[in-house]
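Quick look at protein30.cif (mmCIF, C-alpha atoms):
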```cif
data_work
#
loop_
_atom_site.label_atom_id
_atom_site.label_comp_id
_atom_site.auth_asym_id
_atom_site.auth_seq_id
_atom_site.Cartn_x
_atom_site.Cartn_y
_atom_site.Cartn_z
CA SER R 1 0.00 0.00 0.00
CA HIS R 2 3.06 2.32 -0.01
CA PRO R 3 2.25 5.09 -2.56
CA GLY R 4 5.85 5.45 -3.76
CA LEU R 5 6.17 1.72 -4.41
CA LEU R 6 2.84 1.55 -6.22
CA GLN R 7 3.81 4.49 -8.41
CA ARG R 8 7.01 2.75 -9.54
CA GLN R 9 5.55 -0.73 -9.88
CA ARG R 10 1.86 -0.80 -10.67
CA ASN R 11 -0.11 -3.83 -9.47
CA PHE R 12 2.86 -4.85 -7.34
CA ARG R 13 2.49 -8.27 -5.73
CA VAL R 14 4.87 -10.21 -3.53
CA CYS R 15 5.56 -13.58 -5.21
CA MET R 16 7.16 -16.59 -3.60
CA GLY R 17 8.33 -19.89 -5.06
CA PHE R 18 8.45 -23.20 -3.19
CA GLY R 19 10.55 -26.23 -4.07
CA LEU R 20 9.34 -29.43 -2.39
CA HIS R 21 11.44 -32.58 -2.11
CA ILE R 22 11.85 -35.25 0.53
CA GLY R 23 14.86 -37.23 1.75
CA TRP R 24 17.46 -37.58 4.45
CA ALA R 25 19.56 -34.69 5.78
CA VAL R 26 22.10 -34.08 8.51
CA GLU R 27 21.24 -31.29 10.93
CA GLY R 28 23.97 -29.20 12.49
CA ALA R 29 24.45 -25.95 14.34
CA ILE R 30 26.47 -23.02 13.00
CA GLY R 31 27.21 -19.62 14.45
CA SER R 32 28.86 -18.33 17.58
CA GLU R 33 28.20 -18.09 21.29
CA TYR R 34 26.03 -15.06 20.55
CA LYS R 35 23.86 -16.52 17.80
CA ILE R 36 23.34 -20.11 16.68
CA ASP R 37 21.32 -21.27 13.70
CA ALA R 38 20.49 -24.72 12.40
CA THR R 39 21.70 -25.87 9.00
CA TYR R 40 20.96 -28.98 6.97
CA LEU R 41 23.44 -30.83 4.76
CA SER R 42 22.32 -33.32 2.14
CA PRO R 43 22.05 -33.74 -1.64
CA ASN R 44 18.29 -33.66 -1.04
CA VAL R 45 18.60 -30.13 0.33
CA HIS R 46 20.32 -29.06 -2.89
CA VAL R 47 17.57 -30.70 -4.95
CA ALA R 48 14.87 -28.80 -3.05
CA HIS R 49 16.82 -25.57 -3.46
CA ARG R 50 17.14 -26.05 -7.22
CA LEU R 51 13.45 -26.84 -7.52
CA GLN R 52 12.71 -23.61 -5.71
CA LEU R 53 14.93 -21.68 -8.12
CA CYS R 54 13.26 -23.18 -11.19
CA THR R 55 9.78 -21.97 -10.15
CA THR R 56 10.67 -18.58 -11.65
CA ASN R 57 11.74 -20.13 -14.96
CA TYR R 58 8.59 -22.23 -15.25
CA GLY R 59 6.31 -19.43 -14.07
CA VAL R 60 4.82 -21.51 -11.24
CA ASP R 61 4.57 -21.01 -7.48
CA ILE R 62 5.24 -24.63 -6.49
CA ALA R 63 7.62 -27.20 -7.93
CA LEU R 64 7.66 -30.65 -6.36
CA SER R 65 9.59 -33.78 -7.22
CA ASP R 66 8.06 -37.14 -8.05
CA THR R 67 9.56 -38.41 -4.77
CA MET R 68 7.55 -35.82 -2.88
CA ALA R 69 4.44 -36.58 -4.93
CA SER R 70 4.75 -40.28 -4.11
CA PHE R 71 4.26 -39.46 -0.43
CA CYS R 72 1.00 -37.63 -1.15
CA SER R 73 -2.37 -39.30 -1.28
CA LYS R 74 -3.74 -40.38 -4.64
CA ASP R 75 -6.47 -37.74 -4.44
CA LEU R 76 -3.89 -35.02 -3.88
CA THR R 77 -1.54 -36.29 -6.58
CA THR R 78 -4.32 -36.00 -9.16
CA GLN R 79 -4.40 -32.26 -8.42
CA CYS R 80 -0.74 -31.94 -9.46
CA ARG R 81 0.35 -31.29 -13.05
CA LEU R 82 3.37 -33.07 -14.53
CA ILE R 83 5.39 -30.36 -16.28
CA ASP R 84 8.84 -31.81 -17.06
CA HIS R 85 11.30 -34.68 -16.65
CA VAL R 86 14.74 -33.44 -15.62
CA THR R 87 18.09 -34.34 -14.15
CA VAL R 88 18.99 -32.33 -11.05
CA LYS R 89 22.41 -31.99 -9.50
CA GLY R 90 22.29 -33.98 -6.26
CA ALA R 91 19.73 -36.52 -7.48
CA ARG R 92 20.83 -39.98 -8.62
CA ALA R 93 18.06 -40.44 -11.18
CA PRO R 94 15.99 -38.09 -13.37
CA ILE R 95 13.11 -36.43 -11.58
CA ARG R 96 9.61 -35.86 -12.89
CA LEU R 97 8.63 -32.34 -11.98
CA TYR R 98 5.10 -31.47 -10.82
CA THR R 99 3.30 -28.29 -9.88
CA VAL R 100 0.06 -27.31 -8.16
CA ASP R 101 -1.47 -24.63 -10.36
CA LEU R 102 -2.43 -21.48 -8.47
CA ASP R 103 -2.89 -17.94 -9.78
CA GLY R 104 -2.31 -15.55 -6.89
CA SER R 105 -3.07 -12.53 -9.06
CA ALA R 106 -6.71 -13.67 -9.22
CA LEU R 107 -7.18 -12.68 -5.59
CA ALA R 108 -8.21 -9.14 -4.77
CA VAL R 109 -5.87 -7.17 -2.53
CA VAL R 110 -7.40 -6.85 0.92
CA THR R 111 -6.37 -3.80 2.90
CA HIS R 112 -6.54 -3.74 6.65
CA GLY R 113 -6.25 -0.96 9.13
CA LYS R 114 -3.25 -0.73 11.39
CA GLU R 115 -3.17 -3.68 13.73
CA PRO R 116 -1.89 -3.36 17.27
CA ILE R 117 1.73 -4.44 17.50
CA SER R 118 2.32 -7.06 20.15
CA ARG R 119 5.74 -6.83 21.77
CA ASN R 120 5.20 -10.06 23.66
CA ARG R 121 7.35 -12.49 21.65
CA TYR R 122 6.11 -15.45 23.65
CA ARG R 123 2.51 -14.56 22.79
CA ILE R 124 3.33 -14.20 19.09
CA ARG R 125 5.10 -17.58 19.06
CA GLN R 126 2.16 -19.14 20.88
CA LEU R 127 -0.33 -17.83 18.28
CA ARG R 128 1.85 -19.18 15.46
CA GLU R 129 1.93 -22.61 17.08
CA VAL R 130 -1.86 -22.62 17.38
CA ARG R 131 -2.27 -21.77 13.68
CA LYS R 132 0.31 -24.37 12.66
CA ASN R 133 -1.36 -27.08 14.73
CA GLU R 134 -4.67 -26.27 13.08
CA LYS R 135 -3.09 -26.97 9.67
CA TRP R 136 -1.56 -30.23 10.92
CA SER R 137 -4.85 -31.45 12.34
CA GLU R 138 -6.10 -34.79 11.00
CA ASP R 139 -9.38 -33.04 10.25
CA ILE R 140 -7.64 -31.11 7.45
CA ILE R 141 -7.95 -33.08 4.19
CA VAL R 142 -5.95 -31.20 1.58
CA PRO R 143 -7.81 -32.41 -1.57
CA GLU R 144 -11.09 -31.31 0.01
CA LEU R 145 -9.50 -28.00 0.98
CA LEU R 146 -8.48 -27.40 -2.64
CA ALA R 147 -12.11 -27.81 -3.68
CA SER R 148 -13.73 -25.90 -0.80
CA ASP R 149 -11.47 -23.03 0.21
CA GLU R 150 -12.80 -19.88 -1.43
CA ASP R 151 -9.39 -18.36 -2.16
CA ILE R 152 -7.93 -21.58 -3.55
CA VAL R 153 -10.96 -22.12 -5.77
CA THR R 154 -10.54 -18.57 -7.10
CA MET R 155 -6.84 -19.13 -7.79
CA ARG R 156 -7.54 -22.39 -9.65
CA ALA R 157 -10.60 -21.20 -11.59
CA LYS R 158 -8.83 -20.52 -14.90
CA TYR R 159 -7.22 -23.98 -15.04
CA THR R 160 -9.99 -25.95 -16.75
CA LYS R 161 -10.23 -29.68 -17.41
CA GLU R 162 -9.85 -28.96 -21.12
CA PHE R 163 -6.61 -27.06 -20.46
CA PHE R 164 -5.18 -29.93 -18.37
CA HIS R 165 -6.20 -32.42 -21.05
CA ARG R 166 -4.50 -30.43 -23.83
CA PHE R 167 -1.31 -29.96 -21.80
CA SER R 168 -1.22 -33.62 -20.82
CA MET R 169 -1.46 -34.69 -24.46
CA GLY R 170 1.28 -32.26 -25.43
CA TYR R 171 3.51 -33.40 -22.60
CA ARG R 172 3.14 -37.09 -23.44
CA ASN R 173 4.23 -36.37 -27.00
CA TYR R 174 7.12 -34.24 -25.74
CA GLU R 175 8.50 -36.97 -23.51
CA ALA R 176 7.98 -39.61 -26.22
CA GLY R 177 10.04 -37.55 -28.69
CA GLU R 178 7.11 -36.59 -30.94
CA TRP R 179 7.99 -32.93 -30.76
CA LEU R 180 6.02 -31.65 -33.74
CA ALA R 181 2.84 -33.14 -32.30
CA ALA R 182 3.81 -31.78 -28.87
CA ARG R 183 4.40 -28.32 -30.33
CA ASP R 184 1.01 -28.23 -32.04
CA MET R 185 -0.74 -29.31 -28.85
CA PHE R 186 1.13 -26.85 -26.61
CA PHE R 187 0.13 -24.07 -29.01
CA THR R 188 -3.49 -24.77 -28.00
CA CYS R 189 -2.86 -24.63 -24.23
CA HIS R 190 -4.62 -21.34 -23.62
CA TYR R 191 -6.50 -20.93 -20.37
CA GLN R 192 -9.47 -19.70 -22.37
CA PRO R 193 -9.33 -21.45 -25.77
CA LYS R 194 -10.21 -19.30 -28.77
CA PRO R 195 -12.97 -20.41 -31.18
CA ASP R 196 -10.50 -20.77 -34.07
CA ILE R 197 -7.79 -22.45 -32.00
CA GLY R 198 -5.62 -24.78 -34.07
CA ARG R 199 -7.00 -23.54 -37.40
CA HIS R 200 -4.27 -20.99 -38.10
CA PRO R 201 -0.50 -21.51 -37.90
CA VAL R 202 1.32 -19.93 -34.97
CA THR R 203 4.06 -17.80 -36.51
CA SER R 204 5.45 -15.90 -33.51
CA GLU R 205 5.88 -16.26 -29.76
CA GLU R 206 3.35 -13.46 -29.27
CA HIS R 207 0.64 -16.00 -30.06
CA TRP R 208 1.97 -18.63 -27.66
CA PRO R 209 -0.11 -19.47 -24.59
CA VAL R 210 0.81 -17.50 -21.47
CA ASP R 211 1.11 -20.72 -19.46
CA GLY R 212 4.65 -20.88 -18.05
CA PRO R 213 5.36 -24.63 -18.40
CA SER R 214 3.98 -24.62 -21.97
CA GLN R 215 6.28 -21.76 -22.90
CA MET R 216 9.26 -23.42 -21.21
CA LEU R 217 8.87 -26.67 -23.17
CA LEU R 218 8.17 -24.84 -26.43
CA ARG R 219 11.33 -22.77 -26.08
CA TYR R 220 13.39 -25.87 -25.36
CA MET R 221 12.05 -27.73 -28.40
CA GLN R 222 12.44 -24.61 -30.54
CA GLN R 223 16.21 -24.71 -29.95
CA PHE R 224 16.28 -28.00 -31.89
CA ASP R 225 13.75 -26.88 -34.51
CA TYR R 226 11.25 -29.25 -32.90
CA GLU R 227 13.34 -32.31 -33.73
CA PRO R 228 14.52 -34.25 -30.64
CA PRO R 229 18.24 -35.05 -30.37
CA GLU R 230 19.27 -38.54 -31.45
CA ASP R 231 20.08 -39.44 -27.83
CA TRP R 232 16.75 -38.12 -26.48
CA SER R 233 15.68 -40.30 -23.53
CA GLY R 234 12.64 -38.34 -22.41
CA TYR R 235 14.43 -36.00 -20.00
CA ARG R 236 16.88 -33.11 -19.93
CA ALA R 237 18.97 -31.11 -17.46
CA LEU R 238 16.95 -28.85 -15.17
CA PRO R 239 16.96 -25.41 -16.86
CA LEU R 240 18.49 -22.79 -14.58
CA LEU R 241 19.81 -19.33 -15.31
CA PRO R 242 23.63 -18.92 -15.09
CA GLU R 243 23.34 -17.01 -11.81
CA GLN R 244 21.20 -19.81 -10.33
CA ARG R 245 23.71 -22.61 -10.94
#
```
Go through the file and emit its structure as structure tokens.
Amino acid sequence: SHPGLLQRQRNFRVCMGFGLHIGWAVEGAIGSEYKIDATYLSPNVHVAHRLQLCTTNYGVDIALSDTMASFCSKDLTTQCRLIDHVTVKGARAPIRLYTVDLDGSALAVVTHGKEPISRNRYRIRQLREVRKNEKWSEDIIVPELLASDEDIVTMRAKYTKEFFHRFSMGYRNYEAGEWLAARDMFFTCHYQPKPDIGRHPVTSEEHWPVDGPSQMLLRYMQQFDYEPPEDWSGYRALPLLPEQR
């Protein structure tokens, strides 16, 4: 709500990316006698970190590995979208990458008046624990929450069954090495399909869908003129920017 910030960056929103992976790690303490923090060492930590970095490249808020997805219930896994198959530094085998599609920009900005500032740190910590325990309650069933929570429903409204079906068909062709068929299907992955979709050739990136994973796969295939390399095995190295490596 800062007027100077809004003037420089209109419709400013804070965006966060989450990389989710599961595996062993060694916990240790670092710091000094004045301040000590916990740190975790493991290849799995590096995998989670790289998944978090790639959320920006794929234009998604959440990136989770197939290992993480395997620990979710079947009902929850069906709400995840498979978006790529990649090798990640720190992982022994290629990882299938999933996301949970959410559009935070669909939510209206809610402004509140100034709230009283509590200087009682113990009280603040206590309130956080209460809220956290509510989320961990066995009464919370995440798949049902995705279908019932008003904000989540709003954020998922534009992702239709038809969109998921088109993307899934395009992705299967991509992984199988049928890149021309994959390209043509990804070209149709608009959140709101146009009446003449697929009838006219797509000649520029301006007409590509705005969906981040669709654009990411199209750009990768475009580098090879939509012909897979001879050694294509259905996966590639996780795409990261030079400063992210």
One-decimal distance in Å that lies between atom CA of R:Val60 and atom CA of R:Thr99
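Computed distance, atom CA of R:Thr99 to atom CA of R:Val60, equals 7.1 Å.
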Take the PyMOL selection byres ((chain R and resi 171) around 9), run it mentally on this structure, and tell me the resulting residues as JSON, numbers by chain.
{"R": [82, 83, 84, 166, 167, 168, 169, 170, 172, 173, 174, 175, 176, 182, 185, 186, 214, 217]}
Quick one: everything within 12 Å of stretch 4-11 of chain R, counting all atoms listed in the file, minus sequence neighbours fewer than 4 positions away in the same chain. Send it as an MDAnalysis selection string.
chainID R and resid 105:109
Leaving out R:Gly17 and any residue of its chain fewer than 4 positions from it, which residues lie within 9 Å of it when counting all atoms listed in the file, given as a list in words?
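Contacts, in chain order: Leu51, Gln52, Leu53, Cys54, Thr55, Thr56, Val60, Asp61, Ile62 and Ala63 of chain R.
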Prev. selection, C-alpha atoms, output as a PDB file, keeping the file's coordinate frame:
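For reference, selection-v2.pdb as written:
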```
ATOM      1  CA  LEU R  51      13.450 -26.840  -7.520  1.00  0.00           C
ATOM      2  CA  GLN R  52      12.710 -23.610  -5.710  1.00  0.00           C
ATOM      3  CA  LEU R  53      14.930 -21.680  -8.120  1.00  0.00           C
ATOM      4  CA  CYS R  54      13.260 -23.180 -11.190  1.00  0.00           C
ATOM      5  CA  THR R  55       9.780 -21.970 -10.150  1.00  0.00           C
ATOM      6  CA  THR R  56      10.670 -18.580 -11.650  1.00  0.00           C
ATOM      7  CA  VAL R  60       4.820 -21.510 -11.240  1.00  0.00           C
ATOM      8  CA  ASP R  61       4.570 -21.010  -7.480  1.00  0.00           C
ATOM      9  CA  ILE R  62       5.240 -24.630  -6.490  1.00  0.00           C
ATOM     10  CA  ALA R  63       7.620 -27.200  -7.930  1.00  0.00           C
TER      11      ALA R  63
END
```
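Using only C-alpha atoms, the shortest contact distance between R:Ile152 and any of R:Gly19, R:Gly177, R:Gly104, R:Pro228 is found at R:Gly104.
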Would you compute an axis-aligned box for stretch 141-146 of chain R, covering every atom listed for it in the file with 6 Å of margin on each side, and report centre and edge lengths in Å to one decimal as AutoDock Vina command-line options?
```
--center_x -8.5 --center_y -30.2 --center_z 0.8 --size_x 17.1 --size_y 17.7 --size_z 18.8
```
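Atom to atom, atom CA of R:Lys158 and atom CA of R:Tyr191 stand 6.0 Å apart.
Between atom CA of R:Leu41 and atom CA of R:Tyr98 the separation is 24.1 Å.
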When you look at stretch 206-211 of chain R with a cut-off of 7 Å (counting all atoms listed in the file), what residues show up, excluding the ones that are within fewer than 3 positions of it in the same chain? I need them as an MDAnalysis selection string.
chainID R and resid 187 189:190 202 214:215
If we count only C-alpha atoms and set the cut-off at 10 Å, which residues sit around R:Asn57, ignoring sequence neighbours fewer than 6 positions away in its own chain? Please answer as a PyMOL selection string.
chain R and resi 212-213+215-216+239-241
As a check of understanding, name the residues that the PyMOL selection byres ((chain R and resi 146) around 12) selects in the supplied structure, as number ranges by chain.
R: 75-80, 100-102, 140-145, 147-157
Next, write the just-selected residues to a file, as a compact mmCIF listing (two decimals), in the frame of the given file, keeping C-alpha atoms as the atom set.
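Final output, selection-v7.txt:
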```txt
# COMPACT_ATOMS: atom_id res chain seq x y z
CA ASP R 75 -6.47 -37.74 -4.44
CA LEU R 76 -3.89 -35.02 -3.88
CA THR R 77 -1.54 -36.29 -6.58
CA THR R 78 -4.32 -36.00 -9.16
CA GLN R 79 -4.40 -32.26 -8.42
CA CYS R 80 -0.74 -31.94 -9.46
CA VAL R 100 0.06 -27.31 -8.16
CA ASP R 101 -1.47 -24.63 -10.36
CA LEU R 102 -2.43 -21.48 -8.47
CA ILE R 140 -7.64 -31.11 7.45
CA ILE R 141 -7.95 -33.08 4.19
CA VAL R 142 -5.95 -31.20 1.58
CA PRO R 143 -7.81 -32.41 -1.57
CA GLU R 144 -11.09 -31.31 0.01
CA LEU R 145 -9.50 -28.00 0.98
CA ALA R 147 -12.11 -27.81 -3.68
CA SER R 148 -13.73 -25.90 -0.80
CA ASP R 149 -11.47 -23.03 0.21
CA GLU R 150 -12.80 -19.88 -1.43
CA ASP R 151 -9.39 -18.36 -2.16
CA ILE R 152 -7.93 -21.58 -3.55
CA VAL R 153 -10.96 -22.12 -5.77
CA THR R 154 -10.54 -18.57 -7.10
CA MET R 155 -6.84 -19.13 -7.79
CA ARG R 156 -7.54 -22.39 -9.65
CA ALA R 157 -10.60 -21.20 -11.59
```
Anything within 6 Å of (14.2, -38.3, -16.8): list those residues as JSON, numbers by chain, counting only C-alpha atoms and sticking to the file's coordinates.
{"R": [85, 86, 94, 95, 234, 235]}
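Between R:Met221 and the residues R:Arg92, R:Arg236, R:His46, R:Arg183, the shortest atom-to-atom distance, using only C-alpha atoms, involves R:Arg183.
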List as a ChimeraX atom specification the protein and nucleic acid residues near R:Phe71, meaning an atom at most 12 Å away when all atoms listed in the file are counted, but skip any in the same chain fewer than 5 places from it.
/R:20-23,64-66,76-77
Is it possible to add all heavy atoms to stretch 42-53 of chain R and hand it back as a compact mmCIF listing (two decimals), keeping the file's coordinate frame?
```txt
# COMPACT_ATOMS: atom_id res chain seq x y z
N SER R 42 22.77 -32.12 2.83
CA SER R 42 22.32 -33.32 2.14
C SER R 42 22.16 -33.00 0.66
O SER R 42 21.82 -31.86 0.31
CB SER R 42 20.98 -33.80 2.70
OG SER R 42 20.40 -34.77 1.86
N PRO R 43 22.38 -33.96 -0.22
CA PRO R 43 22.05 -33.74 -1.64
C PRO R 43 20.57 -33.40 -1.82
O PRO R 43 20.20 -32.66 -2.74
CB PRO R 43 22.39 -35.08 -2.30
CG PRO R 43 23.38 -35.72 -1.39
CD PRO R 43 23.00 -35.29 -0.01
N ASN R 44 19.73 -33.93 -0.93
CA ASN R 44 18.29 -33.66 -1.04
C ASN R 44 17.98 -32.19 -0.78
O ASN R 44 17.03 -31.63 -1.35
CB ASN R 44 17.52 -34.54 -0.06
CG ASN R 44 17.69 -36.01 -0.36
OD1 ASN R 44 17.42 -36.45 -1.47
ND2 ASN R 44 18.16 -36.78 0.60
N VAL R 45 18.77 -31.55 0.08
CA VAL R 45 18.60 -30.13 0.33
C VAL R 45 18.90 -29.33 -0.94
O VAL R 45 18.19 -28.39 -1.30
CB VAL R 45 19.49 -29.66 1.49
CG1 VAL R 45 19.39 -28.14 1.68
CG2 VAL R 45 19.10 -30.36 2.79
N HIS R 46 19.96 -29.74 -1.64
CA HIS R 46 20.32 -29.06 -2.89
C HIS R 46 19.24 -29.26 -3.95
O HIS R 46 18.95 -28.34 -4.73
CB HIS R 46 21.67 -29.58 -3.39
CG HIS R 46 22.82 -29.23 -2.49
ND1 HIS R 46 23.23 -27.94 -2.28
CD2 HIS R 46 23.64 -30.02 -1.73
CE1 HIS R 46 24.26 -27.93 -1.45
NE2 HIS R 46 24.52 -29.17 -1.10
N VAL R 47 18.65 -30.44 -3.99
CA VAL R 47 17.57 -30.70 -4.95
C VAL R 47 16.39 -29.76 -4.68
O VAL R 47 15.86 -29.12 -5.59
CB VAL R 47 17.12 -32.17 -4.89
CG1 VAL R 47 15.86 -32.37 -5.73
CG2 VAL R 47 18.23 -33.10 -5.39
N ALA R 48 15.98 -29.68 -3.41
CA ALA R 48 14.87 -28.80 -3.05
C ALA R 48 15.18 -27.35 -3.39
O ALA R 48 14.31 -26.61 -3.87
CB ALA R 48 14.55 -28.94 -1.56
N HIS R 49 16.43 -26.95 -3.16
CA HIS R 49 16.82 -25.57 -3.46
C HIS R 49 16.74 -25.30 -4.96
O HIS R 49 16.23 -24.25 -5.39
CB HIS R 49 18.25 -25.34 -2.97
CG HIS R 49 18.79 -23.98 -3.31
ND1 HIS R 49 18.21 -22.81 -2.88
CD2 HIS R 49 19.87 -23.61 -4.06
CE1 HIS R 49 18.90 -21.77 -3.34
NE2 HIS R 49 19.90 -22.23 -4.06
N ARG R 50 17.18 -26.24 -5.77
CA ARG R 50 17.14 -26.05 -7.22
C ARG R 50 15.71 -26.06 -7.75
O ARG R 50 15.38 -25.35 -8.69
CB ARG R 50 18.00 -27.11 -7.92
CG ARG R 50 19.49 -26.82 -7.81
CD ARG R 50 20.35 -27.92 -8.35
NE ARG R 50 21.74 -27.51 -8.43
CZ ARG R 50 22.59 -27.47 -7.40
NH1 ARG R 50 22.15 -27.83 -6.20
NH2 ARG R 50 23.84 -27.07 -7.55
N LEU R 51 14.86 -26.85 -7.12
CA LEU R 51 13.45 -26.84 -7.52
C LEU R 51 12.83 -25.49 -7.20
O LEU R 51 12.01 -24.96 -7.97
CB LEU R 51 12.68 -27.96 -6.81
CG LEU R 51 13.07 -29.39 -7.16
CD1 LEU R 51 12.13 -30.37 -6.46
CD2 LEU R 51 13.07 -29.62 -8.66
N GLN R 52 13.22 -24.93 -6.07
CA GLN R 52 12.71 -23.61 -5.71
C GLN R 52 13.17 -22.55 -6.72
O GLN R 52 12.39 -21.68 -7.13
CB GLN R 52 13.17 -23.23 -4.29
CG GLN R 52 12.63 -21.90 -3.79
CD GLN R 52 13.57 -20.75 -4.10
OE1 GLN R 52 14.78 -20.90 -4.07
NE2 GLN R 52 13.01 -19.60 -4.44
N LEU R 53 14.41 -22.64 -7.15
CA LEU R 53 14.93 -21.68 -8.12
C LEU R 53 14.20 -21.78 -9.46
O LEU R 53 13.96 -20.76 -10.12
CB LEU R 53 16.43 -21.92 -8.34
CG LEU R 53 17.37 -21.59 -7.17
CD1 LEU R 53 18.79 -22.00 -7.51
CD2 LEU R 53 17.30 -20.12 -6.80
```
